[in-house]
Structure formats: C-alpha cells, structure tokens
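Shown next: work-v2.cif, containing mmCIF, C-alpha atoms.
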data_target
loop_
_atom_site.label_atom_id
_atom_site.label_comp_id
_atom_site.auth_asym_id
_atom_site.auth_seq_id
_atom_site.Cartn_x
_atom_site.Cartn_y
_atom_site.Cartn_z
CA PRO Y 1 -6.40 -15.57 2.98
CA PRO Y 2 -4.44 -14.27 5.97
CA ALA Y 3 -6.40 -13.04 8.97
CA PRO Y 4 -6.78 -9.29 9.51
CA ALA Y 5 -3.88 -7.72 11.36
CA PRO Y 6 -4.39 -7.25 15.13
CA ARG Y 7 -4.42 -3.49 14.67
CA HIS Y 8 -7.33 -3.83 12.25
CA LYS Y 9 -9.25 -5.95 14.75
CA VAL Y 10 -8.78 -3.31 17.44
CA MET Y 11 -9.88 -0.54 15.05
CA SER Y 12 -13.00 -2.49 14.12
CA ALA Y 13 -13.90 -3.03 17.78
CA LEU Y 14 -13.42 0.66 18.58
CA ALA Y 15 -15.41 1.70 15.52
CA GLU Y 16 -18.32 -0.49 16.57
CA ALA Y 17 -18.29 0.76 20.16
CA LEU Y 18 -17.87 4.45 19.22
CA LYS Y 19 -19.86 4.57 15.99
CA ALA Y 20 -22.22 7.35 17.15
CA GLU Y 21 -19.40 9.58 18.40
CA LEU Y 22 -17.27 9.00 15.30
CA SER Y 23 -20.21 9.70 12.99
CA SER Y 24 -20.96 12.93 14.84
CA LEU Y 25 -17.34 14.11 14.65
CA TYR Y 26 -17.15 13.17 10.98
CA ALA Y 27 -20.24 15.23 10.15
CA ALA Y 28 -19.18 18.18 12.35
CA ASN Y 29 -15.89 18.53 10.46
CA ALA Y 30 -17.31 18.49 6.96
CA PRO Y 31 -15.93 21.23 4.65
CA SER Y 32 -17.93 24.43 5.04
CA GLY Y 33 -16.26 26.78 2.61
CA PRO Y 34 -13.35 27.15 0.20
CA TYR Y 35 -10.17 25.17 0.84
CA ARG Y 36 -7.93 26.78 3.45
CA PHE Y 37 -4.38 25.73 4.17
CA ASP Y 38 -4.09 26.77 7.79
CA ALA Y 39 -3.87 25.05 11.16
CA GLU Y 40 -7.62 24.85 11.67
CA GLY Y 41 -8.31 23.57 8.16
CA CYS Y 42 -5.56 20.95 8.33
CA GLY Y 43 -6.73 19.83 11.76
CA ARG Y 44 -10.34 19.45 10.65
CA ARG Y 45 -9.35 17.42 7.60
CA ALA Y 46 -7.06 15.18 9.65
CA LEU Y 47 -9.74 14.55 12.29
CA ARG Y 48 -12.43 13.88 9.69
CA LEU Y 49 -10.25 11.40 7.81
CA THR Y 50 -9.37 9.64 11.04
CA CYS Y 51 -13.08 9.21 11.73
CA LEU Y 52 -13.59 7.95 8.18
CA ARG Y 53 -10.84 5.34 8.59
CA TYR Y 54 -12.58 3.96 11.66
CA LEU Y 55 -16.10 4.13 10.21
CA SER Y 56 -15.03 2.27 7.07
CA CYS Y 57 -12.49 -0.14 8.56
CA GLY Y 58 -14.97 -3.02 8.83
CA GLY Y 59 -15.50 -3.09 5.07
CA SER Y 60 -19.29 -2.96 5.37
CA ALA Y 61 -21.41 -1.65 2.50
CA GLU Y 62 -22.30 1.35 4.68
CA GLY Y 63 -18.66 2.12 5.38
CA ARG Y 64 -17.65 1.75 1.73
CA ALA Y 65 -20.51 4.02 0.66
CA LEU Y 66 -19.41 6.68 3.15
CA ALA Y 67 -15.83 6.54 1.88
CA MET Y 68 -17.02 6.69 -1.74
CA GLU Y 69 -19.13 9.72 -0.96
CA ALA Y 70 -16.07 11.40 0.59
CA PHE Y 71 -13.93 10.49 -2.41
CA GLN Y 72 -16.39 11.86 -4.95
CA GLY Y 73 -17.00 15.03 -2.95
CA ALA Y 74 -13.34 15.79 -2.19
CA SER Y 75 -12.14 19.26 -3.16
CA ASN Y 76 -8.45 18.70 -2.43
CA MET Y 77 -5.83 15.96 -2.60
CA THR Y 78 -5.77 15.37 1.18
CA GLU Y 79 -9.45 14.45 1.25
CA GLN Y 80 -9.38 12.57 -2.04
CA MET Y 81 -6.35 10.45 -1.19
CA GLY Y 82 -7.56 9.86 2.36
CA ALA Y 83 -10.86 8.50 1.07
CA LEU Y 84 -9.10 6.45 -1.60
CA LEU Y 85 -6.93 4.77 1.05
CA CYS Y 86 -10.09 3.80 2.95
CA LEU Y 87 -11.62 2.33 -0.20
CA CYS Y 88 -8.41 0.49 -1.12
CA ALA Y 89 -8.47 -1.42 2.15
CA HIS Y 90 -11.56 -3.48 1.28
CA ALA Y 91 -12.84 -5.51 -1.64
CA GLY Y 92 -15.95 -4.15 -3.31
CA PRO Y 93 -17.07 -2.36 -6.46
CA GLU Y 94 -16.26 1.02 -4.92
CA ARG Y 95 -12.58 0.12 -4.72
CA GLY Y 96 -12.15 -0.44 -8.45
CA GLU Y 97 -14.34 2.52 -9.34
CA ALA Y 98 -12.38 4.93 -7.16
CA LEU Y 99 -8.98 3.66 -8.32
CA ALA Y 100 -10.00 4.02 -11.97
CA ALA Y 101 -11.38 7.52 -11.41
CA PHE Y 102 -8.28 8.72 -9.55
CA TYR Y 103 -5.94 7.34 -12.21
CA GLN Y 104 -7.96 8.87 -15.04
CA GLN Y 105 -7.89 12.27 -13.31
CA TRP Y 106 -4.21 12.30 -12.34
CA LYS Y 107 -2.38 9.98 -14.76
CA GLY Y 108 -0.47 12.94 -16.18
CA GLU Y 109 1.05 13.79 -12.79
CA MET Y 110 3.84 11.38 -11.83
CA LEU Y 111 3.77 12.13 -8.11
CA CYS Y 112 0.03 11.47 -8.00
CA VAL Y 113 0.51 8.23 -9.94
CA CYS Y 114 3.16 7.15 -7.45
CA ARG Y 115 0.73 7.79 -4.61
CA TRP Y 116 -1.92 5.82 -6.50
CA ILE Y 117 0.47 2.88 -6.86
CA ARG Y 118 1.55 3.07 -3.21
CA ALA Y 119 -2.08 3.14 -2.04
CA GLN Y 120 -2.55 -0.26 -3.65
CA SER Y 121 0.79 -1.85 -2.79
CA THR Y 122 0.61 -1.02 0.93
CA CYS Y 123 -3.05 -1.75 1.59
CA GLU Y 124 -3.85 -4.46 4.12
CA MET Y 125 -6.72 -6.04 2.22
CA PRO Y 126 -6.22 -9.81 2.58
CA GLY Y 127 -5.25 -11.50 -0.68
CA ASN Y 128 -3.87 -8.31 -2.23
CA VAL Y 129 -0.77 -10.06 -3.60
CA ALA Y 130 -2.47 -10.78 -6.94
CA ASN Y 131 -3.50 -7.13 -7.32
CA VAL Y 132 0.05 -5.94 -6.66
CA ARG Y 133 1.48 -8.44 -9.13
CA ALA Y 134 -0.94 -7.18 -11.78
CA LEU Y 135 0.37 -3.63 -11.28
CA LEU Y 136 3.73 -4.78 -12.70
CA GLU Y 137 2.03 -4.92 -16.09
CA HIS Y 138 -0.03 -1.74 -15.71
CA GLU Y 139 0.80 1.15 -18.02
CA ALA Y 140 1.37 3.34 -14.98
CA PHE Y 141 4.33 1.29 -13.78
CA ASP Y 142 7.75 1.87 -15.32
CA VAL Y 143 10.58 -0.29 -14.01
CA ARG Y 144 13.01 2.41 -15.17
CA SER Y 145 11.53 4.90 -12.70
CA PRO Y 146 13.09 4.70 -9.20
CA ASN Y 147 10.10 6.53 -7.71
CA LYS Y 148 7.61 4.07 -9.17
CA CYS Y 149 9.76 1.11 -8.13
CA SER Y 150 9.81 2.48 -4.62
CA ALA Y 151 6.03 3.02 -4.63
CA LEU Y 152 5.33 -0.52 -5.81
CA VAL Y 153 8.18 -2.80 -4.81
CA ARG Y 154 9.71 -1.30 -1.66
CA ALA Y 155 6.36 -0.08 -0.34
CA PHE Y 156 4.80 -3.55 -0.65
CA ALA Y 157 6.95 -4.75 2.26
CA ALA Y 158 5.04 -2.30 4.49
CA SER Y 159 1.89 -4.40 4.08
CA THR Y 160 2.12 -6.68 7.10
CA VAL Y 161 -0.84 -8.82 6.08
CA ASN Y 162 0.29 -9.44 2.51
CA PHE Y 163 4.09 -9.30 2.60
CA HIS Y 164 4.16 -11.66 5.57
CA ALA Y 165 1.33 -13.90 4.33
CA ALA Y 166 1.74 -17.34 5.90
CA ASP Y 167 1.85 -19.08 2.51
CA GLY Y 168 4.95 -17.13 1.45
CA SER Y 169 3.23 -15.53 -1.55
CA GLY Y 170 4.29 -12.06 -0.42
CA TYR Y 171 7.94 -13.07 -0.22
CA ARG Y 172 7.76 -14.67 -3.66
CA LEU Y 173 6.20 -11.51 -5.08
CA LEU Y 174 8.83 -9.18 -3.61
CA ALA Y 175 11.63 -11.45 -4.86
CA ASP Y 176 10.12 -11.57 -8.36
CA MET Y 177 9.65 -7.80 -8.46
CA THR Y 178 13.19 -7.23 -7.21
CA LEU Y 179 14.60 -9.45 -9.95
CA LYS Y 180 12.67 -7.43 -12.51
CA VAL Y 181 14.10 -4.18 -11.15
CA ASP Y 182 17.64 -5.60 -10.91
CA ALA Y 183 17.85 -5.92 -14.68
CA ILE Y 184 17.42 -2.14 -14.99
CA ASN Y 185 18.52 -0.52 -11.75
CA PRO Y 186 20.68 -2.67 -9.43
CA GLN Y 187 20.92 0.03 -6.74
CA VAL Y 188 17.15 0.27 -6.39
CA ALA Y 189 16.86 -3.54 -6.48
CA ALA Y 190 19.28 -3.83 -3.56
CA MET Y 191 17.18 -1.36 -1.57
CA CYS Y 192 14.01 -3.31 -2.40
CA MET Y 193 15.60 -6.49 -1.07
CA GLY Y 194 16.32 -4.74 2.21
CA ALA Y 195 13.01 -6.00 3.57
CA PHE Y 196 14.52 -9.48 3.79
CA THR Y 197 17.52 -8.47 5.89
CA SER Y 198 15.54 -8.69 9.12
CA LEU Y 199 14.29 -12.20 8.37
CA ARG Y 200 15.85 -13.70 11.50
CA THR Y 201 13.56 -11.62 13.69
CA PHE Y 202 10.51 -13.56 12.47
CA ASP Y 203 9.14 -16.96 13.38
CA ALA Y 204 10.84 -20.11 12.08
CA ALA Y 205 8.26 -20.77 9.37
CA ARG Y 206 8.60 -17.32 7.85
CA GLN Y 207 12.40 -17.41 8.13
CA GLU Y 208 12.36 -20.62 6.12
CA LEU Y 209 10.11 -19.10 3.45
CA MET Y 210 12.26 -15.96 3.13
CA LEU Y 211 15.48 -17.98 2.97
CA ALA Y 212 13.94 -20.16 0.25
CA GLU Y 213 13.35 -17.07 -1.87
CA CYS Y 214 16.90 -15.85 -1.30
CA ASN Y 215 18.31 -19.23 -2.31
CA ARG Y 216 16.08 -19.30 -5.39
CA MET Y 217 17.38 -15.92 -6.47
CA VAL Y 218 21.00 -16.96 -6.06
CA ALA Y 219 20.62 -20.36 -7.73
CA GLY Y 220 18.47 -19.42 -10.70
CA HIS Y 221 19.46 -15.90 -11.67
CA LYS Y 222 22.53 -13.83 -12.45
CA LEU Y 223 22.29 -11.09 -9.85
CA SER Y 224 23.97 -7.73 -10.01
CA PRO Y 225 26.80 -7.19 -7.48
CA ASN Y 226 24.54 -4.78 -5.56
CA LEU Y 227 21.68 -7.24 -5.20
CA SER Y 228 23.96 -10.24 -4.69
CA GLU Y 229 25.57 -8.59 -1.67
CA VAL Y 230 22.20 -8.07 0.04
CA VAL Y 231 20.85 -11.54 -0.81
CA ASN Y 232 23.98 -13.31 0.40
CA ARG Y 233 23.92 -11.29 3.60
CA CYS Y 234 20.40 -12.58 4.21
CA ILE Y 235 21.49 -16.18 3.61
CA THR Y 236 24.54 -16.07 5.85
#
What is this structure when it is put down as structure tokens?
Amino acid sequence: PPAPAPRHKVMSALAEALKAELSSLYAANAPSGPYRFDAEGCGRRALRLTCLRYLSCGGSAEGRALAMEAFQGASNMTEQMGALLCLCAHAGPERGEALAAFYQQWKGEMLCVCRWIRAQSTCEMPGNVANVRALLEHEAFDVRSPNKCSALVRAFAASTVNFHAADGSGYRLLADMTLKVDAINPQVAAMCMGAFTSLRTFDAARQELMLAECNRMVAGHKLSPNLSEVVNRCIT
C-alpha cells in the first residue's frame, strides 16, 4: 500500500512529542453541560477534536479506543462526525462498528448520509480504494443523486494517498465511477473528471497512468459530449 502522506508523518511525530499536553487539553475541554451553540462552545469542540485527531492519528489501539469513546459519547453532530473521521482514518474493528452505527442512526437523513459517504471516500487510510469501490454497490449510494455522486466520486480525488496511489488504482477507480455517473448525469460526470485536468502537474509516472485511463475511456466507451470534452482536453 502507499506510504502515509507527509502531513500524516508530521502529525504523528507531533502527537508523540506532545502527547501529555494534547491529552490534558482534550480532557480539559470535555463537555460539561447541555449543548451550547456559542463562540465558547464551538471553540471548545474545535480544540478538543483537533487534539483527538492528533492523539488518534497513529492508528494505535489506544488512539482508536479514545476516538470510539468520543464517538459513542457524542451529544451533537460536530462531535460525532469529528470522532467518526478519526476512526475512518485507520483500519480496525472500531472503524466498521462506528460506520455501521452512524449509518443506522442517520440513514433517513440524506445530508448525514452524504457526510457518511464523504468520510469514507476522502479518508487517507492506505489501501482504501477497495472500500470506496464497494460503496458504489451500497444501498446508501444512488447514482441519480448529484449530492451523493459528489460525496463519493468527486470527493475521492481529495484523498491524496488513495487517488494518487502509485499503482494507478485510484485513477482507475475514479474513471470507472465517472463512467457509471455519465450514463445518468453527464454534467456531474464531467465535473467528476475535473480531477484529471491537472495531470500535467504531476510526475511522469502518474501522468502516464492518468493518460492511460483517459485513453481507455475514449477508446472503449461512448462518452457523453460533456464528459468527452473534459477527457479529450486531458489527452491533448
């Protein structure tokens, strides 16, 4: 699998060096009353979740347990989603348990489902391509929904580790997902393909992999005019 992104390495080093201070701040900003939507409450939640991201970024059992505790004890969406994002970033039983619990609780709310999809498609857990591909067949995903296509297909390109995986699997996945969307909504498909338009800013190996996907799309599929314009712009 691809190596952790440099940013993740820096976060892990800082978390190790500042573990005591981060743990103290995390505990000091624990909820101490009913939910309040004010500057102080928002600030405390933001600071606490920042500490949680650092404390759990190494993927250790201790860090995953801390994030799971935060997820299960959350009294509002900010805390619940923040903890879920921490759990999504690392393999482990807590990840699947939290994702299942969140979906079961919020599957009737489309905006929450879109956030649930995006949490998985954008996470930097190495080897996440297979998980994202599986979401195409999940009952929560509807290719006819522009919002869900954006949360799964367009958002996937934001995952540096997985979209730009050295083996090209991320490029193949985005191309396959875009073709699926193109059959229903060409405008959204064209926007999804936008991630390829900057291909010439990457190293030669990745340029070659991205161009190969573009050529495959042109040669083997009947593209809509919207998608064809973007793909051909990438090729030329």
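Among Y:Ala46, Y:Val129, Y:Leu136, Y:Met191, the residue with the shortest atom-to-atom distance to Gly170 of chain Y, counting only C-alpha atoms, is Y:Val129.
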Inset, instruction - Fewer than 4 positions away in the same chain doesn't count, so skip those; otherwise give me all residues within 9 Å of segment 63-78 of chain Y, counting only C-alpha atoms, as a PyMOL selection string. - result: chain Y and resi 31+34-35+45-46+49+52-59+82-84+86-87+90+92+94-95+98
Legend entry - Non-local contacts of Ala151 of chain Y (8 Å; only C-alpha atoms; under 3 positions in same chain excluded) as a PyMOL selection string: chain Y and resi 114-115+117-118+121+147-148+154-156
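One finds atom CA of Asn232 of chain Y at 18.1 Å from atom CA of Lys180 of chain Y.
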Inset, instruction - Write out as a ChimeraX atom specification which residues come within 9 Å of Phe102 of chain Y when counting only C-alpha atoms, dropping same-chain ones fewer than 2 positions away. - result: /Y:80-81,84,97-100,104-107,112-113,116
Legend entry - Shell of 10 Å around segment 215-218 of chain Y, all atoms listed in the file, local chain residues under 4 positions omitted, as a list of chain:residue names: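 Contacts, with the query itself left out: Y:Arg172, Y:Ala175, Y:Asp176, Y:Thr178, Y:Leu179, Y:Met210, Y:Leu211, Y:Lys222, Y:Leu223, Y:Leu227, Y:Ser228, Y:Val231, Y:Asn232, Y:Cys234, Y:Ile235.
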Legend entry - Reference answer for the PyMOL selection byres ((chain Y and resi 209) around 10), as an MDAnalysis selection string: chainID Y and resid 164 166:172 199 204:208 210:214
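In this comparison, which uses all atoms listed in the file, the residue of Y:Phe202, Y:Cys192, Y:Met125, Y:Cys51 approaching Cys149 of chain Y most closely is Y:Cys192.
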Legend entry - Separation of atom CA of Pro186 of chain Y from atom CA of Asn226 of chain Y, in Å and rounded to one decimal: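 According to the coordinates, atom CA of Pro186 of chain Y and atom CA of Asn226 of chain Y are separated by 5.9 Å.
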Inset, instruction - Quote the spacing between atom CA of Gly41 of chain Y and atom CA of Glu21 of chain Y in Å to one decimal place. - result: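 Answer for the atom CA of Gly41 of chain Y to atom CA of Glu21 of chain Y separation: 20.6 Å.
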Inset, instruction - Would you please work out which residue, of Y:Gly194, Y:Pro126, Y:Gly108, Y:Gly33, is nearest to Ser150 of chain Y when using all atoms listed in the file? - result: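 The shortest atom-to-atom distance to Ser150 of chain Y comes from Y:Gly194.
Closest approach to Pro6 of chain Y among Y:Ala134, Y:Ala195, Y:Val161, Y:Leu22 is made by Y:Val161 (distances from only C-alpha atoms).
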Inset, instruction - May I ask which of the residues Y:Ala140, Y:Cys88, Y:Ala15, Y:Ala61 is the closest one to Met110 of chain Y, counting all atoms listed in the file? - result: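 Closest to Met110 of chain Y, using all atoms listed in the file: Y:Ala140.
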Draw an axis-aligned box over all listed atoms of segment 84-101 of chain Y, pad each side with 6 Å, and write its centre and edge lengths in Å, one decimal, as AutoDock Vina command-line options.
--center_x -12.0 --center_y 1.0 --center_z -4.5 --size_x 22.1 --size_y 25.0 --size_z 26.9
Legend entry - Y:Ser145, Y:Ser32, Y:Ser23, Y:Thr122 ranked by distance to Ser159 of chain Y, top pick (using only C-alpha atoms): Y:Thr122
Inset, instruction - Report as a list in words the full result of the PyMOL selection byres ((chain Y and resi 25) around 10) when it is applied to this structure. - result: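 Given this file, the PyMOL selection byres ((chain Y and resi 25) around 10) evaluates to Lys19, Ala20, Glu21, Leu22, Ser23, Ser24, Tyr26, Ala27, Ala28, Asn29, Ala30, Arg44, Leu47, Arg48, Thr50, Cys51 and Leu52 of chain Y.
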Selection above as a file: C-alpha atoms, as a short mmCIF file (atom, residue, chain, number, x, y, z; two decimals), in the frame of the given file:
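Result saved to result.cif:
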data_model
loop_
_atom_site.label_atom_id
_atom_site.label_comp_id
_atom_site.auth_asym_id
_atom_site.auth_seq_id
_atom_site.Cartn_x
_atom_site.Cartn_y
_atom_site.Cartn_z
CA LYS Y 19 -19.86 4.57 15.99
CA ALA Y 20 -22.22 7.35 17.15
CA GLU Y 21 -19.40 9.58 18.40
CA LEU Y 22 -17.27 9.00 15.30
CA SER Y 23 -20.21 9.70 12.99
CA SER Y 24 -20.96 12.93 14.84
CA TYR Y 26 -17.15 13.17 10.98
CA ALA Y 27 -20.24 15.23 10.15
CA ALA Y 28 -19.18 18.18 12.35
CA ASN Y 29 -15.89 18.53 10.46
CA ALA Y 30 -17.31 18.49 6.96
CA ARG Y 44 -10.34 19.45 10.65
CA LEU Y 47 -9.74 14.55 12.29
CA ARG Y 48 -12.43 13.88 9.69
CA THR Y 50 -9.37 9.64 11.04
CA CYS Y 51 -13.08 9.21 11.73
CA LEU Y 52 -13.59 7.95 8.18
#
